[in-house]
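Peer 1: Please read through the structure below; I'll follow up with questions.
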Amino acid sequence: MLVQWRHACLRTLAPGNRSCFSTSSRWRAPKPIVMEGFTCDLIRNFSIIAHIDHGKSTLADRLLELTGTIQKKAVGRNEQVLDKLKVERERGITVKAQTASMFYAFCGKQHVLNLIDTPGHVDFSWEVSRSLAACQGALLLVDASQGVQAQTISVFHIAQERGLKIIPVLNKIDLPAAQPERITAQMQSTFGIDPEDIISISAKTGQGVSQVLQAIMDRIPPPRGTTERPLKAFLFDSLYDRYRGVISLVAIQDGVLKKGDRIASCHTRKKYEVTEVGIMHPEEMPVTSLFPGQVGYIACNMKESSEAHIGDTLHLAGATVDTMPGFQPAKAMVYAGIFPIDSSDFPKLEEAIKRLALTDRSVTVQRESSTALGQGCRLGFLGTLHMDVFRQRLEDEHDANIIVTAPTVPYKIVYKDSEVCVSNPTEFPDAIDVSSKVKEVQEPVVRASIIVPEEYFGEMMDLCFTHRAVDLEHRYLDAGTGSSSRIMLNCILPLSEIVTDFFDQLKSRSSGFASFDYEDAGYKTSNLAKIVFLLNGKPVDALALIIHRSKEDEIGRLWVKKLVKVIPRQQFEVPIQAAVGKKIIARETLKAYRADVTAGLYGGHVERKMKQLEIQKEGKKRLKRMGNVDIPQDAFFEIMSSKK
Ligand SMILES: Nc1nc2c(ncn2[C@@H]2O[C@H](COP(=O)(O)OP(=O)(O)OP(=O)(O)O)[C@@H](O)[C@H]2O)c(=O)[nH]1
């Protein structure tokens with residue numbers, strides 16, 4: 001904390017705010033910034049939206065530098081200031097939206113610009129939509145060499161639906177492969193954007209970025225709000241601090257919010273005392289109060305992150321205000337069990353999962369126990385990248401040694417007069433027939449869009465068909481612009497098909513040129529079955545899978561092959577089988593290892609030799625009888641982590 005403040009204090013502050021360092025350079029607590037003078041007309045709240053890797057975080061850095069919020073980086077340093085997590089820096093992706101307030105002198109007046117950097121990957125679109133709720137404008141960034149991609153389209157629509165002023169920006173014009181005219185035409189034909197409105201920049205070199213600042217000031221409307229009305233603050237994100245509890249990010253609609261205020265939540269009706277108010281500059285920086293149109297953070301002794309309900313309206317305790325429209329809660333698309341490699345580590349693991357879930361509000365957590373893997377948790381994620389990022393964060397930030405089970409999507413089992421949602425294969429009926437009283441089984445489907453150069457169209461169609469796509473349609477994106485065209489392919493895909501290898505195949509079969517986006521499209525009746533894997537005749541619960549019946553043989557064979565490779569040989573032969581209901585659909589045999597129990601016995605001691613063999617046989621029998629196949633926990637780790 002101290003380091004952060006020190007760091008923040010070195011930066012240019014608002015007028016009237018003195019540095020917190022005296023000439024003797026002894027550190028003093030920073031003097032809170034006074035935000036009172038920043039009336040709505042001096043504020044701009046905006047976000048940067050784009051397809052993954054089109055340069056959002058890089059542009060955010062340039063804007064922070066240009067406004068003097070951070071020092072200019074040494075050439076060649078590529079680390080992005082707002083990508084704070086280790087996983088973000090290693091993978092070069094943004095997974096968590098970040099807020100940064102900048103002070104900027106424009107037309108002789110000091111302004112405050114609140115920037116919200118959003119993630120680009122489809123798994124994190126929930127972060128994007130809630131970030132946009134605190135903005136009046138958005139910079140729509142398009143890579144000048146890659147052009148409009150699948151997420152460019154989805155984020156454009158989210159921003160448009162929210163009525164935001166969109167500033168189109170063509171980035172990476174420094175690249176030799178940049179085709180500014182062609183991509184401009186694409187933006188015009190796809191979004192109806194006037195080419196005159198597009199600003200061409202290189203976020204990397206800084207070329208054109210000052211025009212972006214100018215456009216933010218000129219084109220984005222200031223927020224509207226007044227101090228005349230009672231306090232109304234919109235809660236759009238939350239963080240967790242182990243000392244101060246939940247930190248909520250808020251956009252002030254009306255009224256004033258200051259330290260010591262008693263506030264209440266419209267959602268939970270709970271009351272709190274505000275212990276700290278500040279802005280992200282981009283680190284936390286205390287302020288005296290927050291005024292209408294401003295964006296900042298508050299600490300108010302919230303202990304549980306569930307108390308900070310995203311989309312909530314906060315108001316002064318005792319006052320009545322209208323609730324602002326909130327958000328749809330994040331919907332888990334993919335579930336997986338997480339177990340410790342060493343079962344005695346479960347309490348530590350559970351604690352780590354809970355802590356991490358406090359900083360990632362879109363994860364759902366439930367306890368789960370498995371006969372094979374012991375005690376663990378079943379977690380719900382927004383997609384497989386989200387799941388992988390969470391796993392990496394558990395390992396990086398909490399030193400966890402874990403096994404993650406195969407991902408599964410939430411299926412619906414429809415009975416005569418009820419419906420059950422199943423997110424764990426063990427809960428899926430063994431057989432779907434009259435005896436099980438199941439009327440039908442439904443699986444979640446998504447509306448998918450793929451954008452790909454024309455020459456890969458055939459490959460993409462094939463990919464979609466092999467993944468059970470229906471309702472395929474396509475259209476040309478750059479019709480009439482000459483050169484090679486790009487096609488947008490839309491279809492309905494079962495969600496379970498895209499949580500396996502779909503994305504890898506999409507990339508490899510299009511040489512990396514295809515981009516992909518999807519949105520929830522409800523449920524569809526499907527012909528599904530549960531595959532159970534039996535070791536020595538005993539089912540192993542952690543390995544159960546739900547699959548489409550057209551794939552049961554293929555998957556059954558694939559997994560038994562995988563299992564026979566990783567399970568260590570036992571003293572006896574172990575049949576490894578895949579079964580659907582009572583039917584065995586695949587089998588491999590794990591050969592016994594023959595321990596030479598008679599080694600060291602020399603000729604003549606036949607009786608002793610026979611006795612040893614008898615004992616060994618008895619041992620084999622006992623193990624067999626108990627169905628006790630020894631599988632070390634790390635064999636599960638190998639099974640789960642091997643893709644094929
Ligand atoms: N040549 C060139 N490279 C750029 C430019 N802007 C960004 N890049 C590079 O493009 C890559 C992706 O940039 P980011 O800023 O991380 O992209 P992003 O949109 O924030 O990515 P996500 O947060 O993962 O969606 C990085 O390697 C940047 O250095 C540019 O103007 N020119």
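Order determines the names: the first chain of the structure tokens is A, the second B, and so forth; residues in each chain are numbered 1 upward, and ligands are numbered 1 upward as they are shown.
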Based on DSSP run over this structure's backbone, return all residues of region 123-199 of chain A in strand (DSSP E or B), as a list of chain:residue names.
Peer 2: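 So, restricting region 123-199 of chain A to strand (DSSP E or B), we get A:Gly137, A:Ala138, A:Leu139, A:Leu140, A:Leu141, A:Val142, A:Asp143, A:Lys165, A:Ile166, A:Ile167, A:Pro168, A:Val169, A:Leu170, A:Asn171, A:Ile199.
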Peer 1: Could you give me the residues within region 534-573 of chain A that DSSP places in alpha helix (DSSP H), as a PyMOL selection string?
Peer 2: chain A and resi 552-566
Peer 1: For the selection you just gave me, I'd like the residues written to a file as a short mmCIF file (atom, residue, chain, number, x, y, z; two decimals), in the first residue's frame, keeping C-alpha atoms.
Peer 2:
```cif
data_model
loop_
_atom_site.label_atom_id
_atom_site.label_comp_id
_atom_site.auth_asym_id
_atom_site.auth_seq_id
_atom_site.Cartn_x
_atom_site.Cartn_y
_atom_site.Cartn_z
CA GLU A 552 -19.56 -42.12 -27.99
CA ASP A 553 -17.45 -44.79 -29.73
CA GLU A 554 -14.74 -42.36 -30.80
CA ILE A 555 -14.46 -40.73 -27.38
CA GLY A 556 -14.73 -44.04 -25.52
CA ARG A 557 -11.84 -45.52 -27.50
CA LEU A 558 -9.75 -42.37 -27.19
CA TRP A 559 -10.06 -42.25 -23.41
CA VAL A 560 -9.40 -45.94 -22.72
CA LYS A 561 -6.22 -45.59 -24.81
CA LYS A 562 -5.28 -42.55 -22.78
CA LEU A 563 -5.95 -44.38 -19.52
CA VAL A 564 -3.96 -47.45 -20.40
CA LYS A 565 -0.96 -45.20 -21.03
CA VAL A 566 -1.03 -43.35 -17.74
#
```
Peer 1: Quick one: everything within 8 Å of Cys40 (chain A), counting only C-alpha atoms, minus sequence neighbours fewer than 5 positions away in the same chain. Send it as a ChimeraX atom specification.
Peer 2: /A:222-225,292-294
Peer 1: Go through A:Tyr518, A:Phe234, A:Ile252, A:Arg262 and flag the residue nearest Gly311 (chain A), using only C-alpha atoms for the distances.
Peer 2: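 Result for the nearest residue to Gly311 (chain A): A:Phe234.
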Peer 1: Which neighbours of region 386-392 of chain A fall inside 10 Å, counting only C-alpha atoms, when residues of the same chain fewer than 3 positions from it are skipped, and could you give them as a PyMOL selection string?
Peer 2: chain A and resi 86-88+91+95+121-124+334-336+338+353+356-357+360+362-363+379-383+395-404+407
Peer 1: Keeping N, CA and C atoms for every residue in the selection just given, could you write it to a file as an mmCIF file, in the first residue's frame?
Peer 2:
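Below is the file that was written, result37.cif:
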```cif
data_model
loop_
_atom_site.group_PDB
_atom_site.id
_atom_site.type_symbol
_atom_site.label_atom_id
_atom_site.label_comp_id
_atom_site.auth_asym_id
_atom_site.auth_seq_id
_atom_site.Cartn_x
_atom_site.Cartn_y
_atom_site.Cartn_z
ATOM 1 N N LYS A 86 -0.215 -11.288 -13.054
ATOM 2 C CA LYS A 86 0.908 -12.008 -13.659
ATOM 3 C C LYS A 86 0.425 -12.752 -14.919
ATOM 4 N N VAL A 87 -0.742 -13.358 -14.802
ATOM 5 C CA VAL A 87 -1.270 -14.122 -15.929
ATOM 6 C C VAL A 87 -1.509 -13.202 -17.137
ATOM 7 N N GLU A 88 -1.902 -11.954 -16.885
ATOM 8 C CA GLU A 88 -2.127 -11.021 -17.990
ATOM 9 C C GLU A 88 -0.815 -10.675 -18.669
ATOM 10 N N ARG A 91 0.595 -13.868 -20.578
ATOM 11 C CA ARG A 91 -0.139 -14.259 -21.777
ATOM 12 C C ARG A 91 -0.399 -13.083 -22.703
ATOM 13 N N VAL A 95 -7.564 -9.809 -18.642
ATOM 14 C CA VAL A 95 -8.681 -10.634 -18.193
ATOM 15 C C VAL A 95 -9.585 -9.859 -17.235
ATOM 16 N N HIS A 121 -11.184 -10.955 -25.070
ATOM 17 C CA HIS A 121 -11.613 -12.314 -25.369
ATOM 18 C C HIS A 121 -13.083 -12.540 -25.053
ATOM 19 N N VAL A 122 -13.717 -13.358 -25.861
ATOM 20 C CA VAL A 122 -15.160 -13.595 -25.728
ATOM 21 C C VAL A 122 -15.562 -14.073 -24.325
ATOM 22 N N ASP A 123 -14.686 -14.812 -23.657
ATOM 23 C CA ASP A 123 -15.015 -15.288 -22.307
ATOM 24 C C ASP A 123 -15.249 -14.132 -21.337
ATOM 25 N N PHE A 124 -14.660 -12.986 -21.651
ATOM 26 C CA PHE A 124 -14.745 -11.892 -20.686
ATOM 27 C C PHE A 124 -15.710 -10.791 -21.135
ATOM 28 N N VAL A 334 -19.210 -23.160 -18.481
ATOM 29 C CA VAL A 334 -18.383 -24.354 -18.399
ATOM 30 C C VAL A 334 -18.115 -24.672 -16.929
ATOM 31 N N TYR A 335 -18.235 -25.944 -16.577
ATOM 32 C CA TYR A 335 -17.965 -26.350 -15.195
ATOM 33 C C TYR A 335 -16.819 -27.355 -15.159
ATOM 34 N N ALA A 336 -16.062 -27.333 -14.076
ATOM 35 C CA ALA A 336 -15.025 -28.352 -13.894
ATOM 36 C C ALA A 336 -14.792 -28.531 -12.407
ATOM 37 N N ILE A 338 -12.235 -29.061 -9.314
ATOM 38 C CA ILE A 338 -10.828 -28.793 -8.999
ATOM 39 C C ILE A 338 -10.506 -29.514 -7.693
ATOM 40 N N ILE A 353 -9.272 -20.874 -3.397
ATOM 41 C CA ILE A 353 -10.339 -20.691 -4.394
ATOM 42 C C ILE A 353 -11.268 -19.564 -3.960
ATOM 43 N N LEU A 356 -9.609 -16.176 -4.462
ATOM 44 C CA LEU A 356 -9.519 -15.788 -5.861
ATOM 45 C C LEU A 356 -10.889 -15.416 -6.414
ATOM 46 N N ALA A 357 -11.902 -16.162 -5.958
ATOM 47 C CA ALA A 357 -13.256 -15.873 -6.433
ATOM 48 C C ALA A 357 -13.704 -14.478 -5.979
ATOM 49 N N ASP A 360 -12.709 -12.334 -8.716
ATOM 50 C CA ASP A 360 -13.307 -12.670 -9.996
ATOM 51 C C ASP A 360 -14.750 -13.065 -9.749
ATOM 52 N N SER A 362 -17.224 -13.571 -11.560
ATOM 53 C CA SER A 362 -18.006 -14.382 -12.485
ATOM 54 C C SER A 362 -17.837 -15.884 -12.237
ATOM 55 N N VAL A 363 -17.014 -16.264 -11.261
ATOM 56 C CA VAL A 363 -16.815 -17.692 -10.978
ATOM 57 C C VAL A 363 -17.831 -18.162 -9.939
ATOM 58 N N LEU A 379 -16.414 -25.740 -9.980
ATOM 59 C CA LEU A 379 -16.447 -24.321 -10.300
ATOM 60 C C LEU A 379 -17.111 -24.083 -11.647
ATOM 61 N N GLY A 380 -17.813 -22.978 -11.745
ATOM 62 C CA GLY A 380 -18.445 -22.592 -13.009
ATOM 63 C C GLY A 380 -17.687 -21.411 -13.599
ATOM 64 N N PHE A 381 -17.405 -21.486 -14.895
ATOM 65 C CA PHE A 381 -16.635 -20.423 -15.567
ATOM 66 C C PHE A 381 -17.398 -19.907 -16.784
ATOM 67 N N LEU A 382 -16.921 -18.756 -17.305
ATOM 68 C CA LEU A 382 -17.580 -18.177 -18.474
ATOM 69 C C LEU A 382 -17.111 -18.816 -19.773
ATOM 70 N N GLY A 383 -16.039 -19.571 -19.728
ATOM 71 C CA GLY A 383 -15.525 -20.235 -20.923
ATOM 72 C C GLY A 383 -14.253 -20.965 -20.563
ATOM 73 N N GLU A 395 -2.442 -21.437 -9.318
ATOM 74 C CA GLU A 395 -1.071 -21.946 -9.225
ATOM 75 C C GLU A 395 -0.070 -20.824 -8.961
ATOM 76 N N ASP A 396 -0.236 -19.702 -9.685
ATOM 77 C CA ASP A 396 0.714 -18.581 -9.564
ATOM 78 C C ASP A 396 0.591 -17.857 -8.234
ATOM 79 N N GLU A 397 -0.660 -17.500 -7.916
ATOM 80 C CA GLU A 397 -0.857 -16.597 -6.787
ATOM 81 C C GLU A 397 -1.072 -17.343 -5.474
ATOM 82 N N HIS A 398 -1.414 -18.633 -5.541
ATOM 83 C CA HIS A 398 -1.699 -19.372 -4.301
ATOM 84 C C HIS A 398 -0.920 -20.676 -4.194
ATOM 85 N N ASP A 399 0.020 -20.883 -5.124
ATOM 86 C CA ASP A 399 0.885 -22.056 -5.035
ATOM 87 C C ASP A 399 0.128 -23.370 -4.967
ATOM 88 N N ALA A 400 -1.011 -23.455 -5.626
ATOM 89 C CA ALA A 400 -1.837 -24.660 -5.495
ATOM 90 C C ALA A 400 -1.383 -25.747 -6.467
ATOM 91 N N ASN A 401 -1.382 -27.008 -5.994
ATOM 92 C CA ASN A 401 -1.105 -28.156 -6.871
ATOM 93 C C ASN A 401 -2.421 -28.861 -7.098
ATOM 94 N N ILE A 402 -2.939 -28.747 -8.328
ATOM 95 C CA ILE A 402 -4.328 -29.193 -8.509
ATOM 96 C C ILE A 402 -4.539 -30.086 -9.726
ATOM 97 N N ILE A 403 -5.674 -30.784 -9.663
ATOM 98 C CA ILE A 403 -6.149 -31.554 -10.807
ATOM 99 C C ILE A 403 -7.460 -30.903 -11.227
ATOM 100 N N VAL A 404 -7.573 -30.600 -12.513
ATOM 101 C CA VAL A 404 -8.817 -30.021 -13.011
ATOM 102 C C VAL A 404 -9.490 -31.077 -13.878
ATOM 103 N N PRO A 407 -13.762 -30.360 -18.663
ATOM 104 C CA PRO A 407 -14.847 -29.382 -18.561
ATOM 105 C C PRO A 407 -16.170 -29.954 -19.055
#
```
Peer 1: With distances taken over only C-alpha atoms, which residue among A:Leu493, A:Val422, A:Val148, A:Leu249 lies nearest Phe513 (chain A)?
Peer 2: A:Val148
Peer 1: Of the residues A:Gln375, A:Ser238, A:Ser508, A:Ser200, which is the one nearest to ligand 1, using only C-alpha atoms and all ligand atoms?
Peer 2: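 Nearest candidate to ligand 1 out of A:Gln375, A:Ser238, A:Ser508, A:Ser200: A:Ser200.
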Peer 1: Tell me, as a PyMOL selection string, which residues lie within 10 Å of Ile158 (chain A), counting only C-alpha atoms; anything in the same chain fewer than 2 positions away does not count.
Peer 2: chain A and resi 49+125+128-129+132+153-156+160-164
Peer 1: Which residues come within 7 Å of Ile487 (chain A), counting only C-alpha atoms, excluding same-chain residues fewer than 5 positions away, as a list in words?
Peer 2: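 In the requested form, the answer reads Ile451, Val452, Pro453, Glu454, His474, Arg475, Tyr476 and Leu477 of chain A.
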Peer 1: Excluding Ala514 (chain A) and any residue of its chain fewer than 6 positions from it, enumerate the residues within 12 Å of it, using only C-alpha atoms, and give them as an MDAnalysis selection string.
Peer 2: chainID A and resid 146:151 449:457 459:460 463 486:489 502:508
Peer 1: Could you write those residues out with N, CA and C atoms, as a PDB file, in the first residue's frame?
Peer 2:
```pdb
ATOM      1  N   GLN A 146      -5.268  -6.656 -39.511  1.00  0.00           N
ATOM      2  CA  GLN A 146      -6.231  -7.765 -39.367  1.00  0.00           C
ATOM      3  C   GLN A 146      -7.653  -7.382 -39.739  1.00  0.00           C
ATOM      4  N   GLY A 147      -7.982  -6.129 -39.590  1.00  0.00           N
ATOM      5  CA  GLY A 147      -9.333  -5.682 -39.921  1.00  0.00           C
ATOM      6  C   GLY A 147     -10.365  -6.097 -38.885  1.00  0.00           C
ATOM      7  N   VAL A 148     -11.632  -5.924 -39.283  1.00  0.00           N
ATOM      8  CA  VAL A 148     -12.748  -6.219 -38.376  1.00  0.00           C
ATOM      9  C   VAL A 148     -12.761  -7.717 -38.061  1.00  0.00           C
ATOM     10  N   GLN A 149     -12.811  -8.059 -36.792  1.00  0.00           N
ATOM     11  CA  GLN A 149     -12.833  -9.457 -36.372  1.00  0.00           C
ATOM     12  C   GLN A 149     -14.117  -9.735 -35.590  1.00  0.00           C
ATOM     13  N   ALA A 150     -14.284 -11.025 -35.238  1.00  0.00           N
ATOM     14  CA  ALA A 150     -15.554 -11.416 -34.619  1.00  0.00           C
ATOM     15  C   ALA A 150     -15.905 -10.593 -33.378  1.00  0.00           C
ATOM     16  N   GLN A 151     -14.916 -10.365 -32.488  1.00  0.00           N
ATOM     17  CA  GLN A 151     -15.250  -9.598 -31.278  1.00  0.00           C
ATOM     18  C   GLN A 151     -15.412  -8.104 -31.548  1.00  0.00           C
ATOM     19  N   SER A 449     -20.213 -16.876 -34.515  1.00  0.00           N
ATOM     20  CA  SER A 449     -19.809 -16.238 -35.770  1.00  0.00           C
ATOM     21  C   SER A 449     -18.309 -16.385 -35.946  1.00  0.00           C
ATOM     22  N   ILE A 450     -17.947 -16.703 -37.178  1.00  0.00           N
ATOM     23  CA  ILE A 450     -16.534 -16.893 -37.515  1.00  0.00           C
ATOM     24  C   ILE A 450     -16.238 -15.946 -38.669  1.00  0.00           C
ATOM     25  N   ILE A 451     -15.149 -15.206 -38.563  1.00  0.00           N
ATOM     26  CA  ILE A 451     -14.739 -14.363 -39.685  1.00  0.00           C
ATOM     27  C   ILE A 451     -13.429 -14.918 -40.207  1.00  0.00           C
ATOM     28  N   VAL A 452     -13.384 -15.149 -41.518  1.00  0.00           N
ATOM     29  CA  VAL A 452     -12.226 -15.854 -42.059  1.00  0.00           C
ATOM     30  C   VAL A 452     -11.980 -15.426 -43.511  1.00  0.00           C
ATOM     31  N   PRO A 453     -10.711 -15.370 -43.961  1.00  0.00           N
ATOM     32  CA  PRO A 453     -10.472 -15.087 -45.378  1.00  0.00           C
ATOM     33  C   PRO A 453     -11.114 -16.179 -46.245  1.00  0.00           C
ATOM     34  N   GLU A 454     -11.570 -15.762 -47.412  1.00  0.00           N
ATOM     35  CA  GLU A 454     -12.337 -16.646 -48.291  1.00  0.00           C
ATOM     36  C   GLU A 454     -11.671 -18.007 -48.518  1.00  0.00           C
ATOM     37  N   GLU A 455     -10.336 -18.018 -48.654  1.00  0.00           N
ATOM     38  CA  GLU A 455      -9.668 -19.283 -49.004  1.00  0.00           C
ATOM     39  C   GLU A 455      -9.799 -20.356 -47.911  1.00  0.00           C
ATOM     40  N   TYR A 456     -10.171 -19.957 -46.696  1.00  0.00           N
ATOM     41  CA  TYR A 456     -10.324 -20.958 -45.633  1.00  0.00           C
ATOM     42  C   TYR A 456     -11.789 -21.327 -45.374  1.00  0.00           C
ATOM     43  N   PHE A 457     -12.639 -20.812 -46.234  1.00  0.00           N
ATOM     44  CA  PHE A 457     -14.072 -21.010 -46.011  1.00  0.00           C
ATOM     45  C   PHE A 457     -14.445 -22.496 -45.952  1.00  0.00           C
ATOM     46  N   GLU A 459     -12.621 -25.103 -45.205  1.00  0.00           N
ATOM     47  CA  GLU A 459     -12.111 -25.706 -43.957  1.00  0.00           C
ATOM     48  C   GLU A 459     -13.043 -25.375 -42.789  1.00  0.00           C
ATOM     49  N   MET A 460     -13.493 -24.139 -42.746  1.00  0.00           N
ATOM     50  CA  MET A 460     -14.352 -23.698 -41.631  1.00  0.00           C
ATOM     51  C   MET A 460     -15.711 -24.384 -41.676  1.00  0.00           C
ATOM     52  N   LEU A 463     -15.160 -27.780 -40.400  1.00  0.00           N
ATOM     53  CA  LEU A 463     -14.991 -27.728 -38.940  1.00  0.00           C
ATOM     54  C   LEU A 463     -16.358 -27.620 -38.251  1.00  0.00           C
ATOM     55  N   ARG A 486     -13.207 -11.436 -47.183  1.00  0.00           N
ATOM     56  CA  ARG A 486     -13.392 -12.188 -45.951  1.00  0.00           C
ATOM     57  C   ARG A 486     -14.858 -12.500 -45.776  1.00  0.00           C
ATOM     58  N   ILE A 487     -15.070 -13.642 -45.161  1.00  0.00           N
ATOM     59  CA  ILE A 487     -16.441 -14.134 -45.037  1.00  0.00           C
ATOM     60  C   ILE A 487     -16.819 -14.230 -43.576  1.00  0.00           C
ATOM     61  N   MET A 488     -18.064 -13.879 -43.293  1.00  0.00           N
ATOM     62  CA  MET A 488     -18.571 -14.070 -41.932  1.00  0.00           C
ATOM     63  C   MET A 488     -19.544 -15.250 -41.973  1.00  0.00           C
ATOM     64  N   LEU A 489     -19.234 -16.236 -41.164  1.00  0.00           N
ATOM     65  CA  LEU A 489     -20.022 -17.468 -41.130  1.00  0.00           C
ATOM     66  C   LEU A 489     -20.785 -17.506 -39.806  1.00  0.00           C
ATOM     67  N   PHE A 502     -12.242 -27.108 -30.270  1.00  0.00           N
ATOM     68  CA  PHE A 502     -12.747 -26.306 -31.382  1.00  0.00           C
ATOM     69  C   PHE A 502     -11.843 -25.109 -31.693  1.00  0.00           C
ATOM     70  N   PHE A 503     -11.489 -24.395 -30.656  1.00  0.00           N
ATOM     71  CA  PHE A 503     -10.725 -23.160 -30.846  1.00  0.00           C
ATOM     72  C   PHE A 503      -9.336 -23.454 -31.431  1.00  0.00           C
ATOM     73  N   ASP A 504      -8.694 -24.510 -30.926  1.00  0.00           N
ATOM     74  CA  ASP A 504      -7.369 -24.878 -31.460  1.00  0.00           C
ATOM     75  C   ASP A 504      -7.475 -25.242 -32.933  1.00  0.00           C
ATOM     76  N   GLN A 505      -8.513 -26.004 -33.253  1.00  0.00           N
ATOM     77  CA  GLN A 505      -8.687 -26.415 -34.649  1.00  0.00           C
ATOM     78  C   GLN A 505      -9.010 -25.231 -35.551  1.00  0.00           C
ATOM     79  N   LEU A 506      -9.821 -24.329 -35.008  1.00  0.00           N
ATOM     80  CA  LEU A 506     -10.180 -23.125 -35.780  1.00  0.00           C
ATOM     81  C   LEU A 506      -8.914 -22.366 -36.161  1.00  0.00           C
ATOM     82  N   LYS A 507      -8.034 -22.226 -35.201  1.00  0.00           N
ATOM     83  CA  LYS A 507      -6.795 -21.477 -35.442  1.00  0.00           C
ATOM     84  C   LYS A 507      -5.888 -22.244 -36.399  1.00  0.00           C
ATOM     85  N   SER A 508      -5.709 -23.556 -36.162  1.00  0.00           N
ATOM     86  CA  SER A 508      -4.750 -24.268 -37.008  1.00  0.00           C
ATOM     87  C   SER A 508      -5.301 -24.447 -38.421  1.00  0.00           C
TER      88      SER A 508
END
```
Peer 1: Given the choices A:Lys204, A:Lys165, A:Arg367, A:Arg378, which gets closest to ligand 1 if the distance is worked out from only C-alpha atoms and all ligand atoms?
Peer 2: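 Result for the nearest residue to ligand 1: A:Lys204.
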Peer 1: Just to confirm, what's the straight-line distance from atom 6 (N, counted along the ligand's line) of ligand 1 to CA of His54 (chain A) in Å (one decimal)?
Peer 2: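 Between atom 6 (N, counted along the ligand's line) of ligand 1 and CA of His54 (chain A) the gap works out to 6.5 Å.
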Peer 1: Please, what distance in Å, to one decimal, runs between CA of Tyr240 (chain A) and CA of His309 (chain A)?
Peer 2: 13.2 Å
Peer 1: Using only C-alpha atoms and all ligand atoms, find the one residue out of A:Val34, A:Ala372, A:Met302, A:Leu175 that sits nearest to ligand 1.
Peer 2: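 Ranking A:Val34, A:Ala372, A:Met302, A:Leu175 by distance to ligand 1, first place goes to A:Leu175.
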Peer 1: Separation of CA of Ser265 (chain A) and CA of Gly296 (chain A), in Å?
Peer 2: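 Taking CA of Ser265 (chain A) and CA of Gly296 (chain A), their separation equals 16.9 Å.
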